[in-house]
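Novice: Sharing data31.tsv here; it has TSV, C-alpha atoms.
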```tsv
chain	number	residue	atom	x	y	z
A	72	MET	CA	95.91	156.38	51.76
A	73	ALA	CA	97.69	158.02	48.91
A	74	LEU	CA	100.68	160.25	49.49
A	75	ARG	CA	98.81	163.45	48.89
A	76	GLN	CA	98.38	166.50	51.09
A	77	GLU	CA	94.85	166.66	52.48
A	78	SER	CA	92.54	169.22	50.92
A	79	SER	CA	90.77	171.83	53.01
A	80	GLY	CA	87.48	169.99	52.59
A	81	ALA	CA	86.69	166.58	54.04
A	82	PRO	CA	86.87	163.81	51.42
A	83	ALA	CA	83.48	162.26	50.81
A	84	PRO	CA	83.05	158.70	49.55
A	85	GLU	CA	81.14	158.22	46.32
A	86	ARG	CA	79.32	155.25	47.80
A	87	ALA	CA	78.99	153.67	51.24
A	88	TRP	CA	77.63	150.27	52.28
A	89	VAL	CA	77.12	148.55	55.63
A	90	ASN	CA	76.76	144.78	55.56
A	91	GLY	CA	76.15	144.96	51.83
A	92	ARG	CA	73.37	147.54	52.02
A	93	PRO	CA	73.71	151.13	50.79
A	94	ALA	CA	73.32	153.97	53.29
A	95	ALA	CA	72.64	151.58	56.17
A	96	LYS	CA	73.03	152.79	59.75
A	97	ILE	CA	75.75	151.84	62.23
A	98	SER	CA	74.90	151.00	65.83
A	99	VAL	CA	76.04	153.38	68.57
A	100	LEU	CA	77.24	150.21	70.36
A	101	GLU	CA	79.65	149.36	67.52
A	102	ARG	CA	82.85	147.99	69.08
A	103	GLY	CA	84.90	149.37	66.22
A	104	LEU	CA	83.84	152.84	67.35
A	105	HIS	CA	84.29	152.26	71.08
A	106	TYR	CA	87.54	150.28	71.05
A	107	GLY	CA	88.96	150.21	67.53
A	108	ASP	CA	88.02	146.52	67.63
A	109	GLY	CA	88.45	145.69	63.97
A	110	LEU	CA	90.58	145.65	60.87
A	111	PHE	CA	90.63	147.47	57.54
A	112	GLU	CA	92.06	147.26	54.04
A	113	THR	CA	92.57	150.03	51.48
A	114	ILE	CA	92.34	148.59	47.98
A	115	ALA	CA	93.37	150.30	44.74
A	116	CYS	CA	91.00	149.68	41.82
A	117	VAL	CA	92.35	150.11	38.30
A	118	GLY	CA	90.41	149.52	35.09
A	119	GLY	CA	87.42	148.34	37.09
A	120	GLU	CA	89.45	145.64	38.87
A	121	PRO	CA	90.66	145.53	42.50
A	122	ARG	CA	94.45	145.34	42.60
A	123	PHE	CA	96.12	142.66	44.76
A	124	LEU	CA	92.71	141.54	46.05
A	125	ARG	CA	93.82	138.05	47.08
A	126	ARG	CA	96.69	139.52	49.05
A	127	HIS	CA	94.39	141.98	50.82
A	128	LEU	CA	91.91	139.24	51.71
A	129	ARG	CA	94.66	136.93	52.89
A	130	ARG	CA	95.95	139.61	55.27
A	131	LEU	CA	92.40	140.40	56.38
A	132	GLY	CA	91.70	136.74	57.09
A	133	ALA	CA	94.93	136.37	59.08
A	134	GLY	CA	94.04	139.45	61.10
A	135	CYS	CA	90.56	138.11	61.80
A	136	ALA	CA	92.07	134.86	63.05
A	137	ARG	CA	94.39	136.72	65.41
A	138	LEU	CA	91.65	138.99	66.79
A	139	GLY	CA	89.01	136.28	66.85
A	140	LEU	CA	86.70	137.98	64.34
A	141	ASP	CA	84.36	135.96	62.15
A	142	ALA	CA	85.83	135.87	58.63
A	143	ALA	CA	83.54	133.16	57.25
A	144	ASP	CA	82.18	135.33	54.43
A	145	LEU	CA	85.47	136.48	52.89
A	146	PRO	CA	84.49	134.90	49.52
A	147	GLY	CA	81.30	136.98	49.57
A	148	LEU	CA	83.32	140.05	50.50
A	149	ALA	CA	85.62	139.42	47.54
A	150	GLU	CA	82.68	139.39	45.15
A	151	GLU	CA	81.29	142.55	46.73
A	152	VAL	CA	84.64	144.29	46.24
A	153	ARG	CA	84.77	143.20	42.59
A	154	GLU	CA	81.23	144.38	41.99
A	155	GLN	CA	81.92	147.85	43.38
A	156	ALA	CA	85.23	148.10	41.52
A	157	ARG	CA	83.53	147.36	38.20
A	158	GLU	CA	81.44	150.53	38.54
A	159	ALA	CA	84.47	152.85	38.50
A	160	PRO	CA	87.51	152.76	36.20
A	161	ARG	CA	89.75	154.17	38.93
A	162	ALA	CA	88.77	154.17	42.61
A	163	ILE	CA	89.84	153.44	46.17
A	164	LEU	CA	87.85	150.95	48.22
A	165	LYS	CA	88.19	150.98	51.99
A	166	VAL	CA	86.90	147.82	53.65
A	167	LEU	CA	86.42	147.62	57.42
A	168	LEU	CA	85.50	144.56	59.46
A	169	THR	CA	84.64	145.11	63.12
A	170	ARG	CA	83.47	142.78	65.84
A	171	GLY	CA	80.07	144.43	65.61
A	172	PRO	CA	77.73	145.98	68.18
A	173	ALA	CA	78.57	145.18	71.81
A	174	LEU	CA	76.23	142.72	73.50
A	175	GLU	CA	77.52	143.56	76.98
A	176	ARG	CA	79.12	146.63	78.48
A	177	GLY	CA	82.91	146.62	78.78
A	178	TYR	CA	85.86	145.12	76.93
A	179	GLY	CA	84.77	141.52	77.22
A	180	VAL	CA	83.10	139.67	74.36
A	181	THR	CA	80.36	137.08	74.51
A	182	GLY	CA	81.24	135.19	71.35
A	183	ARG	CA	77.80	135.95	69.95
A	184	GLU	CA	78.75	139.28	68.32
A	185	ARG	CA	78.08	139.58	64.61
A	186	THR	CA	80.75	141.14	62.41
A	187	THR	CA	80.00	144.53	60.86
A	188	ARG	CA	81.25	144.98	57.28
A	189	ILE	CA	81.70	148.53	56.00
A	190	MET	CA	82.79	149.46	52.48
A	191	LEU	CA	83.53	152.96	51.19
A	192	ARG	CA	84.37	153.87	47.62
A	193	TYR	CA	86.35	157.04	46.91
A	194	ALA	CA	87.29	158.71	43.67
A	195	TRP	CA	91.00	158.32	42.91
A	196	PRO	CA	92.44	161.12	40.78
A	197	GLU	CA	95.61	160.47	38.82
A	198	GLU	CA	98.75	160.92	40.91
A	199	ASP	CA	101.36	163.57	40.19
A	200	PRO	CA	104.04	161.62	38.23
A	201	SER	CA	106.81	163.77	39.69
A	202	LEU	CA	106.33	162.07	43.06
A	203	ALA	CA	107.51	158.77	41.61
A	204	GLN	CA	110.23	160.32	39.47
A	205	GLN	CA	111.74	163.05	41.63
A	206	GLY	CA	110.85	161.73	45.05
A	207	VAL	CA	109.18	163.15	48.15
A	208	ARG	CA	110.23	165.11	51.22
A	209	VAL	CA	109.95	163.23	54.51
A	210	ARG	CA	110.38	164.22	58.16
A	211	ILE	CA	110.99	162.23	61.34
A	212	ALA	CA	108.03	161.94	63.70
A	213	GLY	CA	108.46	162.75	67.36
A	214	MET	CA	105.65	160.33	68.17
A	215	ARG	CA	106.89	156.81	68.92
A	216	LEU	CA	105.08	153.56	68.18
A	217	GLY	CA	104.37	151.32	71.14
A	218	GLU	CA	105.73	147.79	70.82
A	219	ASN	CA	103.16	145.00	71.12
A	220	PRO	CA	103.92	141.73	69.31
A	221	ALA	CA	100.30	140.59	69.69
A	222	LEU	CA	99.19	143.37	67.33
A	223	ALA	CA	102.36	143.69	65.24
A	224	GLY	CA	101.76	143.54	61.49
A	225	LEU	CA	97.97	143.96	61.74
A	226	LYS	CA	96.10	146.76	60.00
A	227	HIS	CA	93.80	147.23	62.97
A	228	CYS	CA	91.42	150.13	63.41
A	229	ASN	CA	93.28	151.85	66.26
A	230	ARG	CA	95.48	154.38	64.44
A	231	LEU	CA	95.84	157.00	67.21
A	232	GLU	CA	99.64	156.90	67.10
A	233	GLN	CA	99.55	157.73	63.40
A	234	VAL	CA	96.95	160.45	63.99
A	235	LEU	CA	99.17	162.13	66.58
A	236	ALA	CA	102.23	161.82	64.34
A	237	ARG	CA	100.33	163.40	61.45
A	238	ARG	CA	99.39	166.37	63.64
A	239	GLU	CA	103.08	167.24	64.02
A	240	TRP	CA	103.42	169.06	60.69
A	241	ALA	CA	101.46	171.30	58.36
A	242	ASP	CA	104.03	171.96	55.61
A	243	PRO	CA	102.32	170.80	52.37
A	244	GLY	CA	105.73	170.05	50.85
A	245	ILE	CA	106.30	167.23	53.34
A	246	VAL	CA	104.21	164.20	52.52
A	247	GLU	CA	105.20	161.68	55.18
A	248	ALA	CA	106.93	161.16	58.53
A	249	LEU	CA	109.04	158.16	59.47
A	250	MET	CA	108.18	156.62	62.83
A	251	PHE	CA	110.44	154.84	65.30
A	252	SER	CA	109.31	152.48	68.05
A	253	SER	CA	109.60	153.06	71.79
A	254	SER	CA	112.89	151.14	71.77
A	255	GLY	CA	114.35	153.24	68.93
A	256	ALA	CA	113.77	150.88	66.00
A	257	LEU	CA	112.79	152.35	62.64
A	258	ILE	CA	109.36	150.92	61.78
A	259	SER	CA	107.48	152.75	59.02
A	260	GLY	CA	105.87	155.97	57.88
A	261	THR	CA	102.51	157.06	59.20
A	262	MET	CA	100.84	155.45	56.17
A	263	THR	CA	103.69	153.68	54.40
A	264	ASN	CA	106.33	151.00	54.78
A	265	VAL	CA	109.94	152.05	54.38
A	266	PHE	CA	112.89	150.48	52.54
A	267	LEU	CA	116.58	151.38	52.73
A	268	VAL	CA	119.26	150.55	50.19
A	269	GLN	CA	122.91	150.17	51.20
A	270	ASP	CA	125.55	148.77	48.82
A	271	ALA	CA	122.85	147.54	46.40
A	272	ARG	CA	121.16	145.51	49.14
A	273	LEU	CA	117.59	146.13	50.30
A	274	TYR	CA	116.58	146.44	53.94
A	275	THR	CA	113.16	146.90	55.51
A	276	PRO	CA	112.09	146.89	59.18
A	277	ARG	CA	110.76	143.72	60.71
A	278	MET	CA	107.09	143.83	61.63
A	279	ASP	CA	107.30	141.61	64.73
A	280	ARG	CA	107.25	144.47	67.28
A	281	CYS	CA	104.73	146.88	65.79
A	282	GLY	CA	103.73	148.44	62.47
A	283	VAL	CA	101.65	147.22	59.54
A	284	ALA	CA	102.89	144.48	57.22
A	285	GLY	CA	101.80	146.17	54.00
A	286	VAL	CA	100.58	144.41	50.88
A	287	MET	CA	102.93	146.47	48.69
A	288	ARG	CA	105.80	145.72	51.06
A	289	GLU	CA	105.15	142.02	50.42
A	290	VAL	CA	105.03	142.60	46.66
A	291	VAL	CA	108.29	144.58	46.70
A	292	LEU	CA	110.12	141.87	48.66
A	293	GLU	CA	108.94	139.22	46.17
A	294	THR	CA	109.88	141.43	43.23
A	295	ALA	CA	113.35	142.00	44.68
A	296	ALA	CA	113.86	138.25	45.10
A	297	ALA	CA	112.80	137.64	41.49
A	298	ALA	CA	115.26	140.32	40.35
A	299	GLY	CA	118.14	138.82	42.32
A	300	ILE	CA	118.30	141.78	44.72
A	301	LEU	CA	119.30	140.67	48.20
A	302	ALA	CA	116.71	141.82	50.73
A	303	SER	CA	116.56	141.56	54.50
A	304	GLU	CA	113.83	142.15	57.06
A	305	CYS	CA	115.71	143.28	60.12
A	306	VAL	CA	115.91	145.66	63.07
A	307	LEU	CA	116.97	149.07	61.77
A	308	ASP	CA	117.83	152.20	63.72
A	309	ALA	CA	118.54	155.88	63.09
A	310	ALA	CA	122.15	155.10	62.18
A	311	ALA	CA	121.01	152.69	59.46
A	312	LEU	CA	118.71	155.36	58.07
A	313	ALA	CA	121.56	157.89	58.05
A	314	ARG	CA	123.82	155.45	56.14
A	315	ALA	CA	121.24	154.58	53.50
A	316	GLN	CA	122.15	155.45	49.92
A	317	GLU	CA	118.53	155.15	48.77
A	318	VAL	CA	115.27	155.33	50.70
A	319	PHE	CA	111.80	154.67	49.36
A	320	LEU	CA	108.27	154.31	50.69
A	321	THR	CA	105.50	151.90	49.69
A	322	ASN	CA	101.81	151.31	50.16
A	323	ALA	CA	99.01	149.67	48.21
A	324	LEU	CA	98.05	152.87	46.38
A	325	ILE	CA	101.35	154.59	45.62
A	326	GLY	CA	103.52	151.63	44.74
A	327	ILE	CA	107.06	152.97	45.28
A	328	ARG	CA	107.90	156.60	46.12
A	329	PRO	CA	111.58	157.52	46.38
A	330	VAL	CA	112.58	159.81	49.25
A	331	CYS	CA	114.52	162.82	48.02
A	332	GLU	CA	114.90	164.62	51.34
A	333	LEU	CA	115.18	163.69	55.01
A	334	PRO	CA	115.99	166.28	57.70
A	335	GLY	CA	119.50	167.51	56.89
A	336	THR	CA	119.98	165.01	54.05
A	337	SER	CA	119.31	165.08	50.31
A	338	LEU	CA	118.91	161.82	48.43
A	339	ALA	CA	118.40	160.85	44.82
A	340	PRO	CA	116.38	157.92	43.47
A	341	GLY	CA	119.00	155.25	42.89
A	342	PRO	CA	119.42	152.20	40.67
A	343	VAL	CA	117.75	149.71	43.02
A	344	THR	CA	114.71	151.94	43.46
A	345	ARG	CA	114.48	152.49	39.70
A	346	GLN	CA	114.82	148.79	38.93
A	347	LEU	CA	112.03	147.88	41.31
A	348	GLN	CA	109.80	150.69	40.01
A	349	ALA	CA	110.29	149.42	36.46
A	350	ARG	CA	109.50	145.83	37.41
A	351	LEU	CA	106.36	146.87	39.28
A	352	ALA	CA	105.06	149.20	36.58
A	353	ALA	CA	103.01	146.55	34.75
A	354	LEU	CA	101.45	145.24	37.96
A	355	LEU	CA	100.45	148.70	39.15
A	356	ALA	CA	98.90	149.59	35.82
A	357	SER	CA	96.71	146.50	35.87
A	358	GLY	CA	93.90	145.19	37.99
A	359	ALA	CA	93.19	141.87	39.62
A	360	ARG	CA	94.25	139.43	36.94
A	361	SER	CA	97.95	140.27	36.84
A	362	GLY	CA	98.07	142.14	40.13
A	363	ASP	CA	97.30	139.01	42.13
A	364	CYS	CA	99.96	136.95	40.41
A	365	GLU	CA	103.26	136.38	42.13
A	366	ALA	CA	105.62	139.27	41.39
```
Go ahead and render the structure in this file as structure tokens.
Specialist:
Amino acid sequence: MALRQESSGAPAPERAWVNGRPAAKISVLERGLHYGDGLFETIACVGGEPRFLRRHLRRLGAGCARLGLDAADLPGLAEEVREQAREAPRAILKVLLTRGPALERGYGVTGRERTTRIMLRYAWPEEDPSLAQQGVRVRIAGMRLGENPALAGLKHCNRLEQVLARREWADPGIVEALMFSSSGALISGTMTNVFLVQDARLYTPRMDRCGVAGVMREVVLETAAAAGILASECVLDAAALARAQEVFLTNALIGIRPVCELPGTSLAPGPVTRQLQARLAALLASGARSGDCEA
């Protein structure tokens, strides 16, 4: 999701498909609905091309392997994504894979379930450039993320912790909340990954306890390595956040957003943030061809 305050009206997709068919119905026995038994990807489409598509599909395939979902038709899904992206110069595609309709009552699976594939295409208006230049205001969520290594890193369909965290504020000037885990480790925003800069070195939380290992997070770490910026994935706490000289957020739509304000603290976009933004600019302005290349 983009870092944009929700409008008063519900966003409606331009197009919707289920298993490759427009306006198809979803079973009331769908396990994604009952249990959140599935995964999703949110893909930015620029110039009629899906950005970072190979990275999204690689993460989706890894998630399917961990959850035991059938990912045999990922090549077909890739072509479907490209086809829908070609119809719109600038759009957001949300792709969901679930285990499909339940064949028996309860949590157990039979192994005969057939994966449900859902794709939604949304209009994607141009972002306010001041968000990338001046930065965004961020709060700290009271809601904590539960730690479960079996699900850590996955973009699974159960997002109730993020939903509860997002209910904590209504100030339209605040665009995100940072979330800590039950043990007090800084993990992410509700819809973003977080990076800290201290003494020109980059730090980001490890994703081995909980949280989503974002596609843009991966791109930023590779870009930092190519630029000679030392970067570490480590356990970070509130003290590390308080010491940070620069803080920025990432996701697949927004690229990099500097944080200009945390509770009680003002920050300014610094040289490491600016260097990474400049290096990523060409990738974010393009579609699949350059966006899937190594950063």
Novice: Pick out the closest residue to A:Arg122 from this set: A:Gly182, A:Gly326, A:Gly244, A:Gly103. Count only C-alpha atoms.
Specialist: A:Gly326
Novice: Any idea what's packed within 12 Å of A:Glu158, counting only C-alpha atoms, ignoring anything in its chain fewer than 6 positions away? Could you give it as a VMD selection string?
Specialist: chain A and resid 85 to 86 116 to 121 151 to 152 164 192 to 194
Novice: Between atom CA of A:Ala115 and atom CA of A:Asn219, what is the distance, to one decimal in Å?
Specialist: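 Going from atom CA of A:Ala115 over to atom CA of A:Asn219, I get 28.6 Å.
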Novice: Would you kindly return, as a list in words, each protein, DNA or RNA residue with an atom no farther than 12 Å from any atom of A:Leu145, considering all atoms listed in the file and excluding same-chain residues fewer than 3 positions away?
Specialist: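 Non-adjacent residues within range: Leu124, Arg125, His127, Leu128, Arg129, Arg130, Leu131, Gly132, Ala133, Cys135, Leu140, Asp141, Ala142, Leu148, Ala149, Glu150, Glu151, Val152, Val166, Leu168, Thr186 and Arg188 of chain A.
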Novice: Do you have the atom CA of A:Gly213-atom CA of A:Ile327 distance handy?
Specialist: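 Interatomic distance here is 24.2 Å.
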Novice: Ranking A:Leu354, A:Val330, A:Ala223, A:Leu174 by minimum distance to A:Val99 and counting all atoms listed in the file, which one comes first?
Specialist: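 Answer, going by the shortest atom-to-atom distance: A:Leu174.
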Novice: Taking 6 positions as the minimum chain separation for residues in the same chain, which residues sit within 12 Å of A:Arg208 when counting only C-alpha atoms? Answer as a ChimeraX atom specification.
Specialist: /A:74-76,202,242-249,318-320,328-339
Novice: Check the smallest atom-to-atom distance from each of A:Asp108, A:Thr294, A:Val89, A:Thr275 to A:Gly179 using only C-alpha atoms, then report the winner.
Specialist: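 Nearest candidate to A:Gly179 out of A:Asp108, A:Thr294, A:Val89, A:Thr275: A:Asp108.
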Novice: Taking all atoms of stretch 211-224 of chain A that the file lists and extending 4 Å past them on each side, where is the centre of the axis-aligned box and how long are its edges? Answer in Å to one decimal, as AutoDock Vina command-line options.
Specialist:
```
--center_x 105.1 --center_y 151.7 --center_z 66.2 --size_x 19.8 --size_y 30.2 --size_z 17.8
```
Novice: By how many Å are atom CA of A:Ala356 and atom CA of A:Gly206 apart?
Specialist: 19.4 Å
Novice: Calculated over only C-alpha atoms, which of the candidates A:Ile258, A:Leu347, A:Leu312, A:Val265 has the smallest distance to A:Glu293?
Specialist: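 Closest to A:Glu293, using only C-alpha atoms: A:Leu347.
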Novice: Env of A:Met250: 7 Å cut, atoms = all atoms listed in the file, seq-sep filter 5 positions within chain, self excluded. Answer as a PDB file with C-alpha atoms, in the frame of the given file.
Specialist:
```
ATOM      1  CA  ILE A 211     110.990 162.230  61.340  1.00  0.00           C
ATOM      2  CA  ALA A 212     108.030 161.940  63.700  1.00  0.00           C
ATOM      3  CA  MET A 214     105.650 160.330  68.170  1.00  0.00           C
ATOM      4  CA  ARG A 215     106.890 156.810  68.920  1.00  0.00           C
ATOM      5  CA  LEU A 216     105.080 153.560  68.180  1.00  0.00           C
ATOM      6  CA  LEU A 257     112.790 152.350  62.640  1.00  0.00           C
ATOM      7  CA  ILE A 258     109.360 150.920  61.780  1.00  0.00           C
ATOM      8  CA  SER A 259     107.480 152.750  59.020  1.00  0.00           C
ATOM      9  CA  GLY A 260     105.870 155.970  57.880  1.00  0.00           C
ATOM     10  CA  THR A 261     102.510 157.060  59.200  1.00  0.00           C
TER      11      THR A 261
END
```
Novice: Hey, what's within 8 Å of A:Phe111 if we count all atoms listed in the file and toss same-chain stuff fewer than 2 positions away? As a list in words, please?
Specialist: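 Listing them by chain and then by number gives Gly109, Thr113, Leu131, Lys165, Val166, Leu167, Leu168, Lys226, His227 and Cys228 of chain A.
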